[in-house]
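Student: Quick one, model_20.cif (mmCIF, C-alpha atoms):
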```cif
data_run
#
loop_
_atom_site.label_atom_id
_atom_site.label_comp_id
_atom_site.auth_asym_id
_atom_site.auth_seq_id
_atom_site.Cartn_x
_atom_site.Cartn_y
_atom_site.Cartn_z
CA MET Z 1 0.00 0.00 0.00
CA ASP Z 2 1.47 3.37 -0.94
CA LYS Z 3 1.77 6.12 1.63
CA GLN Z 4 -1.18 8.19 0.41
CA ALA Z 5 -3.48 5.16 0.35
CA ASP Z 6 -2.40 4.36 3.90
CA VAL Z 7 -3.16 7.92 5.02
CA ILE Z 8 -6.57 7.89 3.32
CA GLY Z 9 -7.38 4.55 4.92
CA ARG Z 10 -6.58 5.87 8.37
CA LEU Z 11 -8.49 9.09 7.69
CA GLN Z 12 -11.47 7.10 6.49
CA ALA Z 13 -11.57 5.16 9.75
CA ILE Z 14 -11.51 8.47 11.65
CA PHE Z 15 -14.27 10.02 9.53
CA ARG Z 16 -16.44 6.92 9.91
CA GLU Z 17 -16.03 6.94 13.68
CA GLU Z 18 -16.42 10.68 14.26
CA LEU Z 19 -19.39 11.11 11.90
CA ASP Z 20 -21.09 7.80 12.76
CA LEU Z 21 -21.07 6.78 9.10
CA PRO Z 22 -19.74 3.19 9.09
CA ASN Z 23 -19.94 2.84 5.32
CA LEU Z 24 -18.54 6.24 4.37
CA GLN Z 25 -16.07 6.27 1.49
CA ILE Z 26 -13.88 9.33 1.32
CA SER Z 27 -11.45 10.52 -1.32
CA PRO Z 28 -9.03 13.45 -1.40
CA GLN Z 29 -11.77 15.41 -3.18
CA SER Z 30 -14.35 14.90 -0.41
CA THR Z 31 -15.58 18.16 1.14
CA PRO Z 32 -18.06 19.13 3.87
CA ASP Z 33 -20.63 19.68 1.12
CA ASP Z 34 -20.68 16.00 0.17
CA VAL Z 35 -20.17 14.28 3.53
CA ASP Z 36 -23.18 14.22 5.87
CA GLY Z 37 -22.54 15.81 9.24
CA TRP Z 38 -19.15 17.27 8.33
CA ASP Z 39 -19.61 20.73 9.82
CA SER Z 40 -17.01 23.00 11.39
CA LEU Z 41 -17.25 21.40 14.84
CA ALA Z 42 -16.95 17.95 13.28
CA THR Z 43 -13.77 19.21 11.62
CA ILE Z 44 -12.39 19.92 15.10
CA ARG Z 45 -13.23 16.42 16.29
CA ILE Z 46 -11.70 14.92 13.17
CA VAL Z 47 -8.56 17.03 13.57
CA ALA Z 48 -8.21 16.02 17.22
CA ALA Z 49 -8.49 12.36 16.20
CA VAL Z 50 -5.99 12.91 13.35
CA GLU Z 51 -3.58 14.51 15.81
CA ARG Z 52 -3.80 11.45 18.05
CA GLU Z 53 -3.54 9.01 15.15
CA PHE Z 54 -0.54 10.71 13.51
CA ASP Z 55 1.03 12.13 16.67
CA ARG Z 56 0.88 15.69 15.38
CA GLU Z 57 -0.44 19.03 16.59
CA PHE Z 58 -1.72 21.54 14.04
CA GLU Z 59 -1.92 25.33 14.19
CA ALA Z 60 -5.30 27.01 14.58
CA ALA Z 61 -4.91 28.72 11.19
CA GLN Z 62 -4.27 25.36 9.50
CA ILE Z 63 -7.38 23.90 11.11
CA GLU Z 64 -9.50 26.88 10.06
CA SER Z 65 -8.33 26.48 6.46
CA ILE Z 66 -9.48 22.86 6.02
CA ARG Z 67 -11.91 22.63 3.11
CA SER Z 68 -11.38 19.05 1.94
CA VAL Z 69 -9.82 15.70 2.77
CA SER Z 70 -6.97 16.77 0.50
CA ASP Z 71 -6.22 19.68 2.87
CA LEU Z 72 -5.96 17.21 5.75
CA ILE Z 73 -3.63 14.96 3.75
CA SER Z 74 -1.39 17.94 2.98
CA MET Z 75 -1.30 18.96 6.64
CA ILE Z 76 -0.27 15.45 7.65
CA ALA Z 77 2.41 15.35 4.96
CA THR Z 78 4.11 18.61 5.94
CA MET W 1 -22.38 27.04 -0.95
CA SER W 2 -25.96 26.18 -1.70
CA THR W 3 -28.10 28.91 -3.23
CA ALA W 4 -31.30 26.84 -3.14
CA ALA W 5 -34.39 28.41 -1.62
CA SER W 6 -34.47 28.44 2.15
CA LEU W 7 -36.63 25.89 3.97
CA ILE W 8 -38.33 28.71 5.83
CA ASP W 9 -41.83 29.56 4.65
CA GLU W 10 -41.70 33.33 4.15
CA GLN W 11 -45.47 33.70 4.25
CA ARG W 12 -45.92 31.93 7.56
CA PHE W 13 -42.68 32.96 9.23
CA PRO W 14 -41.77 36.39 7.85
CA GLN W 15 -39.67 37.44 10.85
CA LEU W 16 -37.55 34.30 10.76
CA ALA W 17 -37.20 34.47 6.97
CA ALA W 18 -36.05 38.10 7.16
CA LEU W 19 -33.52 37.28 9.85
CA MET W 20 -32.11 34.36 7.90
CA ARG W 21 -31.85 36.44 4.73
CA THR W 22 -29.63 38.86 6.63
CA GLN W 23 -27.61 36.04 8.19
CA TYR W 24 -27.03 34.27 4.88
CA GLU W 25 -26.06 37.51 3.17
CA ARG W 26 -23.56 38.35 5.90
CA THR W 27 -22.18 34.84 6.47
CA PRO W 28 -23.05 32.45 3.63
CA ALA W 29 -20.78 29.78 5.10
CA HIS W 30 -23.33 29.15 7.87
CA ARG W 31 -26.20 28.52 5.49
CA SER W 32 -25.84 24.77 5.11
CA TYR W 33 -25.61 24.14 8.87
CA LEU W 34 -28.56 26.40 9.64
CA GLU W 35 -30.76 24.99 6.89
CA THR W 36 -30.04 21.50 8.24
CA ARG W 37 -31.01 22.78 11.68
CA PHE W 38 -34.34 24.08 10.31
CA SER W 39 -34.95 20.81 8.46
CA HIS W 40 -35.28 19.13 11.88
CA ALA W 41 -37.67 21.74 13.30
CA SER W 42 -41.31 20.83 14.02
CA ALA W 43 -44.32 23.07 13.41
CA GLU W 44 -44.24 24.00 17.09
CA ASP W 45 -40.55 24.80 16.82
CA PHE W 46 -41.17 27.10 13.86
CA ALA W 47 -43.83 28.97 15.83
CA THR W 48 -41.32 29.50 18.65
CA LEU W 49 -38.58 30.46 16.21
CA GLU W 50 -40.83 33.05 14.58
CA GLU W 51 -41.60 34.55 17.97
CA LEU W 52 -37.92 34.60 18.91
CA ALA W 53 -36.97 36.09 15.56
CA SER W 54 -39.49 38.87 16.09
CA GLN W 55 -38.09 39.63 19.54
CA ILE W 56 -34.49 39.48 18.36
CA ARG W 57 -35.17 41.78 15.41
CA GLN W 58 -36.78 44.24 17.84
CA ILE W 59 -33.77 44.07 20.15
CA ALA W 60 -31.33 44.33 17.26
CA GLY W 61 -32.97 47.27 15.50
CA PRO W 62 -30.51 48.75 12.99
CA ARG W 63 -27.71 46.53 14.38
CA LEU W 64 -29.11 43.31 12.91
CA GLY W 65 -26.27 42.87 10.41
CA GLU W 66 -23.71 43.46 13.13
CA ILE W 67 -25.47 40.94 15.36
CA CYS W 68 -25.38 38.39 12.54
CA ASP W 69 -21.62 38.98 12.35
CA GLY W 70 -21.56 38.29 16.10
CA TYR W 71 -22.85 34.80 15.36
CA ASP W 72 -19.87 34.19 13.10
CA PHE W 73 -17.64 35.52 15.89
CA ILE W 74 -19.09 33.17 18.51
CA CYS W 75 -18.69 30.17 16.20
CA LYS W 76 -15.04 31.05 15.71
CA ILE W 77 -14.25 31.41 19.41
CA VAL W 78 -16.15 28.24 20.25
CA ARG W 79 -14.09 26.33 17.65
CA GLU W 80 -10.90 27.61 19.30
CA GLU W 81 -12.08 26.34 22.68
CA GLU W 82 -13.32 23.10 21.16
CA ILE W 83 -9.87 22.14 19.89
CA PHE W 84 -8.41 22.81 23.34
CA PHE W 85 -11.18 20.71 24.92
CA ARG W 86 -10.62 17.83 22.50
CA ARG W 87 -6.88 17.84 23.14
CA LYS W 88 -6.85 18.34 26.90
CA GLY W 89 -10.23 17.03 28.02
CA ARG W 90 -10.98 20.16 30.06
CA TYR W 91 -11.99 23.79 29.69
CA ARG W 92 -9.15 26.25 29.16
CA LEU W 93 -9.90 28.63 32.04
CA GLN W 94 -10.16 27.59 35.66
CA THR W 95 -10.81 30.80 37.60
CA PHE W 96 -13.19 33.72 37.48
CA GLU W 97 -10.18 36.05 37.68
CA GLU W 98 -8.86 34.61 34.39
CA ALA W 99 -12.27 34.88 32.74
CA ASN W 100 -12.63 38.46 33.92
CA ARG W 101 -9.16 39.43 32.72
CA LEU W 102 -9.33 37.68 29.36
CA VAL W 103 -13.01 37.89 28.46
CA TYR W 104 -15.38 39.98 30.60
CA SER W 105 -13.17 43.08 30.78
CA ASN W 106 -12.78 43.19 26.99
CA THR W 107 -15.78 45.31 26.03
CA GLU W 108 -15.46 44.88 22.28
CA TYR W 109 -15.01 41.10 22.55
CA MET W 110 -17.96 40.82 24.94
CA GLY W 111 -20.13 42.88 22.61
CA HIS W 112 -19.61 40.46 19.72
CA TYR W 113 -19.96 37.47 22.07
CA MET W 114 -23.29 38.68 23.48
CA ASP W 115 -24.58 39.48 19.99
CA GLY W 116 -23.77 35.97 18.86
CA LEU W 117 -25.36 34.41 21.93
CA LEU W 118 -28.61 36.20 21.19
CA LEU W 119 -28.90 34.46 17.83
CA THR W 120 -28.02 31.04 19.22
CA GLN W 121 -31.47 31.05 20.82
CA ILE W 122 -32.73 30.44 17.29
CA TYR W 123 -29.80 28.80 15.55
CA TRP W 124 -28.86 26.18 18.14
CA SER W 125 -31.73 23.75 18.60
CA ASN W 126 -30.73 22.90 22.17
CA HIS W 127 -31.03 26.57 23.09
CA THR W 128 -34.47 26.82 21.48
CA ALA W 129 -35.56 23.64 23.26
CA CYS W 130 -34.44 25.05 26.63
CA TYR W 131 -36.43 28.22 25.95
CA GLN W 132 -39.52 26.14 25.15
CA PHE W 133 -39.06 23.99 28.25
CA TYR W 134 -38.66 27.10 30.43
CA ARG W 135 -41.77 28.75 29.03
CA ASN W 136 -44.05 25.73 28.55
CA VAL W 137 -43.16 23.76 31.66
CA PHE W 138 -41.45 25.96 34.24
CA LEU W 139 -43.38 29.23 33.90
CA LYS W 140 -46.66 27.60 32.93
CA GLN W 141 -46.81 25.73 36.24
CA ALA W 142 -45.95 28.74 38.39
CA PRO W 143 -48.62 29.82 40.92
CA ALA W 144 -50.79 32.87 40.18
CA GLY W 145 -49.12 36.11 41.25
CA TYR W 146 -45.70 34.48 41.39
CA ASP W 147 -42.63 36.39 42.53
CA TYR W 148 -39.91 35.89 39.92
CA LEU W 149 -36.17 36.34 40.05
CA GLU W 150 -33.67 35.66 37.30
CA ILE W 151 -29.97 35.65 38.07
CA GLY W 152 -28.04 36.82 35.01
CA PRO W 153 -30.94 37.78 32.71
CA GLY W 154 -28.50 38.80 29.93
CA HIS W 155 -30.27 39.04 26.58
CA GLY W 156 -33.61 39.41 28.37
CA LEU W 157 -35.57 36.80 26.42
CA LEU W 158 -36.40 34.67 29.47
CA ILE W 159 -37.25 37.44 31.93
CA TYR W 160 -39.39 38.97 29.19
CA GLN W 161 -41.57 35.86 29.23
CA ALA W 162 -42.20 36.33 32.96
CA LEU W 163 -42.79 40.02 32.48
CA LYS W 164 -45.45 39.56 29.80
CA ASP W 165 -47.10 36.65 31.65
CA GLU W 166 -50.33 38.08 33.06
CA ARG W 167 -50.04 35.62 35.97
CA SER W 168 -46.72 36.97 37.22
CA GLY W 169 -46.43 39.25 40.25
CA SER W 170 -43.07 40.89 40.93
CA VAL W 171 -40.31 40.41 38.35
CA LYS W 172 -36.68 40.93 39.30
CA GLY W 173 -33.31 40.41 37.70
CA TRP W 174 -29.89 40.38 39.33
CA ASP W 175 -26.50 40.61 37.70
CA VAL W 176 -22.94 41.41 38.74
CA SER W 177 -22.36 43.45 35.56
CA LYS W 178 -23.75 46.95 35.14
CA ALA W 179 -23.33 46.63 31.37
CA SER W 180 -25.35 43.41 31.37
CA ILE W 181 -28.16 45.01 33.37
CA GLY W 182 -28.19 47.88 30.88
CA GLN W 183 -28.46 45.37 28.02
CA THR W 184 -31.38 43.56 29.68
CA TRP W 185 -33.13 46.85 30.40
CA ASP W 186 -32.74 48.01 26.80
CA ALA W 187 -34.08 44.69 25.50
CA LEU W 188 -37.15 44.84 27.76
CA THR W 189 -37.73 48.46 26.81
CA VAL W 190 -37.92 47.71 23.09
CA MET W 191 -39.94 44.50 23.53
CA GLY W 192 -42.40 46.18 25.92
CA MET W 193 -42.95 45.69 29.61
CA SER W 194 -46.68 44.85 29.61
CA GLY W 195 -47.42 47.64 32.09
CA LYS W 196 -45.11 46.11 34.69
CA LYS W 197 -41.95 47.51 36.14
CA PRO W 198 -39.17 44.96 36.44
CA GLU W 199 -36.52 45.55 39.04
CA LEU W 200 -33.06 45.01 37.59
CA VAL W 201 -30.30 45.49 40.12
CA LEU W 202 -26.59 44.95 40.63
CA GLN W 203 -26.40 42.04 43.05
CA ASP W 204 -23.83 39.35 43.65
CA LEU W 205 -25.60 36.09 44.42
CA TYR W 206 -22.89 35.03 46.87
CA ALA W 207 -23.33 38.26 48.84
CA VAL W 208 -27.10 38.01 49.36
CA PRO W 209 -28.02 38.07 53.08
CA ASP W 210 -29.88 35.03 54.38
CA ASP W 211 -32.93 37.11 55.31
CA SER W 212 -33.39 38.33 51.72
CA ALA W 213 -36.86 38.19 50.11
CA LYS W 214 -37.90 34.75 48.87
CA PHE W 215 -39.21 33.82 45.44
CA ASP W 216 -41.66 31.42 43.81
CA CYS W 217 -39.68 31.15 40.60
CA LEU W 218 -35.93 31.35 40.31
CA THR W 219 -34.27 31.23 36.90
CA PHE W 220 -30.59 30.37 36.58
CA SER W 221 -29.99 29.86 32.90
CA GLU W 222 -26.49 29.38 31.49
CA VAL W 223 -24.84 30.86 34.57
CA LEU W 224 -23.59 27.84 36.54
CA GLU W 225 -20.92 26.96 33.99
CA HIS W 226 -19.34 30.41 34.46
CA LEU W 227 -18.78 29.98 38.18
CA GLU W 228 -15.78 28.95 40.20
CA ASP W 229 -17.98 27.84 43.09
CA PRO W 230 -21.09 26.33 41.49
CA LYS W 231 -21.99 24.33 44.61
CA GLY W 232 -21.99 27.47 46.74
CA ALA W 233 -24.25 29.17 44.19
CA LEU W 234 -26.77 26.31 44.22
CA VAL W 235 -26.91 26.32 48.02
CA LYS W 236 -27.47 30.09 47.91
CA LEU W 237 -30.24 29.68 45.35
CA ARG W 238 -31.99 27.24 47.65
CA SER W 239 -32.04 29.88 50.39
CA LEU W 240 -33.77 32.31 48.02
CA LEU W 241 -36.76 30.08 47.37
CA LYS W 242 -40.04 30.01 49.25
CA PRO W 243 -40.75 26.51 50.67
CA THR W 244 -42.96 25.78 47.63
CA GLY W 245 -40.74 27.72 45.22
CA ARG W 246 -39.15 26.22 42.12
CA LEU W 247 -35.75 26.60 40.55
CA PHE W 248 -35.06 26.44 36.82
CA VAL W 249 -31.46 25.59 35.97
CA ASN W 250 -30.16 25.40 32.42
CA VAL W 251 -26.54 24.29 32.24
CA PRO W 252 -24.55 22.98 29.28
CA ILE W 253 -22.56 19.75 29.46
CA ASN W 254 -19.24 19.40 27.57
CA SER W 255 -19.57 22.92 26.25
CA PRO W 256 -16.21 24.63 25.78
CA ALA W 257 -16.43 28.42 25.55
CA PRO W 258 -13.96 31.17 26.43
CA ASP W 259 -15.61 31.93 29.78
CA HIS W 260 -16.80 28.49 30.85
CA LEU W 261 -15.12 27.22 34.02
CA TYR W 262 -17.35 24.49 35.44
CA LEU W 263 -17.14 21.34 33.32
CA LEU W 264 -19.96 18.87 33.71
CA ARG W 265 -19.35 15.66 31.77
CA SER W 266 -22.87 14.24 31.74
CA PRO W 267 -26.42 15.50 32.25
CA GLU W 268 -26.71 13.14 35.22
CA GLU W 269 -23.78 14.93 36.86
CA ALA W 270 -25.73 18.20 36.53
CA VAL W 271 -28.83 16.68 38.10
CA GLU W 272 -26.75 15.26 40.94
CA ALA W 273 -25.12 18.65 41.58
CA VAL W 274 -28.56 20.24 41.99
CA ARG W 275 -29.76 17.40 44.20
CA ALA W 276 -26.65 17.59 46.37
CA ALA W 277 -27.34 21.27 47.08
CA GLY W 278 -30.59 20.34 48.85
CA PHE W 279 -33.11 20.12 46.05
CA GLU W 280 -35.68 17.57 45.02
CA ILE W 281 -35.81 17.17 41.24
CA GLU W 282 -39.24 17.86 39.78
CA ARG W 283 -38.27 17.32 36.17
CA ALA W 284 -35.13 17.20 34.07
CA GLU W 285 -34.82 17.22 30.30
CA PHE W 286 -31.72 17.06 28.15
CA PHE W 287 -31.24 18.47 24.66
CA PRO W 288 -28.34 17.50 22.38
CA MET W 289 -26.29 19.81 20.23
CA THR W 290 -27.82 21.04 16.97
CA ASN W 291 -28.06 18.48 14.15
CA HIS W 292 -27.09 15.59 16.44
CA THR W 293 -28.94 12.86 18.32
CA MET W 294 -28.63 12.35 22.05
CA GLU W 295 -26.84 9.07 21.35
CA GLN W 296 -24.24 10.90 19.25
CA ALA W 297 -23.89 13.65 21.85
CA ARG W 298 -23.18 11.15 24.61
CA LYS W 299 -20.83 9.04 22.47
CA HIS W 300 -18.73 11.96 21.21
CA LYS W 301 -18.94 14.17 24.32
CA LEU W 302 -20.82 16.87 22.43
CA THR W 303 -22.70 19.66 24.11
CA ILE W 304 -25.94 18.72 25.82
CA SER W 305 -28.13 21.34 27.49
CA ALA W 306 -29.50 20.10 30.81
CA CYS W 307 -32.71 21.78 31.98
CA ILE W 308 -33.67 20.99 35.54
CA ILE W 309 -36.67 22.10 37.57
CA ALA W 310 -36.14 21.55 41.29
CA ARG W 311 -37.73 22.37 44.65
CA PRO W 312 -36.10 22.74 48.06
CA ASN W 313 -36.31 19.42 49.89
#
```
Could you write out this file's structure as structure tokens?

Tutor:
Amino acid sequence: MDKQADVIGRLQAIFREELDLPNLQISPQSTPDDVDGWDSLATIRIVAAVEREFDREFEAAQIESIRSVSDLISMIAT
Amino acid sequence: MSTAASLIDEQRFPQLAALMRTQYERTPAHRSYLETRFSHASAEDFATLEELASQIRQIAGPRLGEICDGYDFICKIVREEEIFFRRKGRYRLQTFEEANRLVYSNTEYMGHYMDGLLLTQIYWSNHTACYQFYRNVFLKQAPAGYDYLEIGPGHGLLIYQALKDERSGSVKGWDVSKASIGQTWDALTVMGMSGKKPELVLQDLYAVPDDSAKFDCLTFSEVLEHLEDPKGALVKLRSLLKPTGRLFVNVPINSPAPDHLYLLRSPEEAVEAVRAAGFEIERAEFFPMTNHTMEQARKHKLTISACIIARPN
């Protein structure tokens, strides 16, 4: 499994858990507009879970700028 | 951003529709969340929301756009506290001194914060549900000619209900902030006082003498979470009630905000805190955060508003 696929897999598990959507399929293009329940407070919960999963801590400005799964992947990669 | 027509029926709910037009124009990013919130509202909810929208538009006057910006402000500061809460498992501030220094003494910040809070009565379903519970259960069952006191009347929407209730007797409000009393007074002035004269005074709950006047109805809505000594406050509230008097407490669970100090982790913990202060619980109802079920709120430690009606035991 390549690195991006691994990251997406781990993100998908987080999204499913935090949004209570056990069958959710996400892609880098997924945005709050096409994922049920993904509002700004859900973003915070997702980020907190991502921080635990990837042992990272993000800046407030980074968190505020998240508009897609792709943004999260970029944050994890940097 | 969706540009589809709003779910709000403009013919039946013109006040709400006008408010939401302003909100969506000022902050289109909130549209999707708020339309989802309205998609869960019942006919009874819409009637309440229309009434609240009318009152809020009266209070706002020419400042409506600015108040809508205040909602965006409150969402932003709540998100900042939410990330801290998710990381640390606690609220950021621990003491009233910190809250006073960082939040209450900042007039501009508080202005935006209070503006935003006013609109949450409509936009956050748990806040609307608490308002309905207060009006339809707590006030409705008050005895004729009841003496009413609200501690921290703030935006004035709750004390206004007591003021316009033809069954109420005396209506009083206490606050530790002169600015807050001024805000409540201004709100009641524009909404109308129904020929009554409310008494709004500067009074610290902790400093009330034991032989103070007693009340039939005591409202303590979204105050407990701001206190360093919530237990002391509840004991004091008990001493302010007549033997048959009733207390209404509304306190949020898992609700990070810049000035929240007292973290309750479950609605049951809130009920137990009231009981432990010498009250018998008459009724308690819990309302989960907007666009979430109670099951989700409990599972993910989301905000739940706990409304409790209690009598001295």

Student: To verify the selection step, state as a short mmCIF file (atom, residue, chain, number, x, y, z; two decimals) with C-alpha atoms, in the frame of the given file which residues the PyMOL selection byres ((chain W) within 12 of (chain Z)) yields on this input.

Tutor:
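And here's selection-v4.cif as it stands now:
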```cif
data_model
loop_
_atom_site.label_atom_id
_atom_site.label_comp_id
_atom_site.auth_asym_id
_atom_site.auth_seq_id
_atom_site.Cartn_x
_atom_site.Cartn_y
_atom_site.Cartn_z
CA MET W 1 -22.38 27.04 -0.95
CA SER W 2 -25.96 26.18 -1.70
CA ALA W 29 -20.78 29.78 5.10
CA HIS W 30 -23.33 29.15 7.87
CA ARG W 31 -26.20 28.52 5.49
CA SER W 32 -25.84 24.77 5.11
CA TYR W 33 -25.61 24.14 8.87
CA LEU W 34 -28.56 26.40 9.64
CA THR W 36 -30.04 21.50 8.24
CA ARG W 37 -31.01 22.78 11.68
CA ASP W 72 -19.87 34.19 13.10
CA CYS W 75 -18.69 30.17 16.20
CA LYS W 76 -15.04 31.05 15.71
CA ILE W 77 -14.25 31.41 19.41
CA VAL W 78 -16.15 28.24 20.25
CA ARG W 79 -14.09 26.33 17.65
CA GLU W 80 -10.90 27.61 19.30
CA GLU W 81 -12.08 26.34 22.68
CA GLU W 82 -13.32 23.10 21.16
CA ILE W 83 -9.87 22.14 19.89
CA PHE W 84 -8.41 22.81 23.34
CA PHE W 85 -11.18 20.71 24.92
CA ARG W 86 -10.62 17.83 22.50
CA ARG W 87 -6.88 17.84 23.14
CA LYS W 88 -6.85 18.34 26.90
CA GLY W 89 -10.23 17.03 28.02
CA SER W 255 -19.57 22.92 26.25
CA PRO W 256 -16.21 24.63 25.78
CA MET W 289 -26.29 19.81 20.23
CA THR W 290 -27.82 21.04 16.97
CA ASN W 291 -28.06 18.48 14.15
CA HIS W 292 -27.09 15.59 16.44
CA THR W 293 -28.94 12.86 18.32
CA GLU W 295 -26.84 9.07 21.35
CA GLN W 296 -24.24 10.90 19.25
CA ALA W 297 -23.89 13.65 21.85
CA LYS W 299 -20.83 9.04 22.47
CA HIS W 300 -18.73 11.96 21.21
CA LYS W 301 -18.94 14.17 24.32
CA LEU W 302 -20.82 16.87 22.43
CA THR W 303 -22.70 19.66 24.11
#
```

Student: Could you check which of Z:Asn23, Z:Ser30, Z:Gln12, Z:Gln4 is closest to Ile66 in chain Z, using only C-alpha atoms?

Tutor: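 Distance minimum relative to Ile66 in chain Z lands on Z:Ser30.
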
Student: Quick check, in Å to one decimal: how far apart do CA of Leu163 in chain W and CA of Glu280 in chain W lie?

Tutor: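 We find that CA of Leu163 in chain W and CA of Glu280 in chain W lie 26.7 Å from each other.
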
Student: Find the residues around Val208 in chain W up to 10 Å (all atoms listed in the file counted), leave out those fewer than 3 positions away in its own chain, and share them as a list in words.

Tutor: Gln203, Asp204, Leu205, Asp211, Ser212, Ala213, Lys236, Leu237, Ser239 and Leu240 of chain W

Student: Identify the residues within 9 Å of coordinate (-49.2, 38.7, 38.4) (same frame as the file), considering only C-alpha atoms, and give the answer as a list in words.

Tutor: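 Those residues, ordered by chain and then number, are Ala144, Gly145, Tyr146, Asp147, Leu163, Asp165, Glu166, Arg167, Ser168, Gly169 and Ser170 of chain W.
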
Student: So which one's closest to Asp216 in chain W, W:Leu149, W:Leu264, W:Val274, W:Lys196? Using only C-alpha atoms, please.

Tutor: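 Closest candidate: W:Leu149.
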
Student: Given the PyMOL selection byres ((chain W and resi 231) around 12) and the file above, list the residues it selects as a list of chain:residue names.

Tutor: W:Tyr206, W:Leu224, W:Glu225, W:Leu227, W:Glu228, W:Asp229, W:Pro230, W:Gly232, W:Ala233, W:Leu234, W:Val235, W:Lys236, W:Leu237, W:Arg238, W:Tyr262, W:Ala270, W:Glu272, W:Ala273, W:Val274, W:Arg275, W:Ala276, W:Ala277, W:Gly278, W:Phe279

Student: Those residues with C-alpha atoms, as a JSON list (two decimals), in the coordinates of the input please?

Tutor:
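So the final result, stored in part-v4.json, reads:
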```json
[["chain", "number", "residue", "atom", "x", "y", "z"],
["W", 206, "TYR", "CA", -22.89, 35.03, 46.87],
["W", 224, "LEU", "CA", -23.59, 27.84, 36.54],
["W", 225, "GLU", "CA", -20.92, 26.96, 33.99],
["W", 227, "LEU", "CA", -18.78, 29.98, 38.18],
["W", 228, "GLU", "CA", -15.78, 28.95, 40.20],
["W", 229, "ASP", "CA", -17.98, 27.84, 43.09],
["W", 230, "PRO", "CA", -21.09, 26.33, 41.49],
["W", 232, "GLY", "CA", -21.99, 27.47, 46.74],
["W", 233, "ALA", "CA", -24.25, 29.17, 44.19],
["W", 234, "LEU", "CA", -26.77, 26.31, 44.22],
["W", 235, "VAL", "CA", -26.91, 26.32, 48.02],
["W", 236, "LYS", "CA", -27.47, 30.09, 47.91],
["W", 237, "LEU", "CA", -30.24, 29.68, 45.35],
["W", 238, "ARG", "CA", -31.99, 27.24, 47.65],
["W", 262, "TYR", "CA", -17.35, 24.49, 35.44],
["W", 270, "ALA", "CA", -25.73, 18.20, 36.53],
["W", 272, "GLU", "CA", -26.75, 15.26, 40.94],
["W", 273, "ALA", "CA", -25.12, 18.65, 41.58],
["W", 274, "VAL", "CA", -28.56, 20.24, 41.99],
["W", 275, "ARG", "CA", -29.76, 17.40, 44.20],
["W", 276, "ALA", "CA", -26.65, 17.59, 46.37],
["W", 277, "ALA", "CA", -27.34, 21.27, 47.08],
["W", 278, "GLY", "CA", -30.59, 20.34, 48.85],
["W", 279, "PHE", "CA", -33.11, 20.12, 46.05]]
```

Student: Take CA of Thr31 in chain Z and CA of Ala17 in chain W and report the distance between them in Å, one decimal.

Tutor: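 Spanning CA of Thr31 in chain Z to CA of Ala17 in chain W is a straight-line distance of 27.7 Å.
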
Student: Could you check which of W:Ile181, W:Cys130, W:Ala162, W:Met191 is closest to Cys217 in chain W, using all atoms listed in the file?

Tutor: W:Ala162

Student: How would you write, as a list in words, the residues chosen by the PyMOL selection byres ((chain W and resi 115) around 8) on this structure?

Tutor: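 That selection, the PyMOL selection byres ((chain W and resi 115) around 8), comes back as Glu66, Ile67, Cys68, Gly70, Tyr71, Gly111, His112, Tyr113, Met114, Gly116, Leu117, Leu118 and Leu119 of chain W.
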
Student: Find the residue from Z:Ser70, Z:Gly9, Z:Val35, Z:Ile76 that sits nearest to Asp55 in chain Z; use only C-alpha atoms when measuring.

Tutor: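 The closest residue to Asp55 in chain Z is Z:Ile76.
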
Student: Figure out the distance between CA of Pro258 in chain W and CA of Val103 in chain W, please, to one decimal in Å.

Tutor: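 Atom-to-atom, CA of Val103 in chain W and CA of Pro258 in chain W are spaced 7.1 Å apart.
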
Student: Might you pull out every residue within 12 Å of Gln132 in chain W, with all atoms listed in the file counted and same-chain residues fewer than 4 positions away left off, and present them as a PyMOL selection string?

Tutor: chain W and resi 44-49+51-52+121-122+125-128+136-140+157-158+161+250+285+287+307

Student: Given all atoms listed in the file as the basis, pick out the residue of Z:Ile26, Z:Val50, Z:Asp36, Z:Glu59 nearest to Ile14 in chain Z.

Tutor: Z:Val50
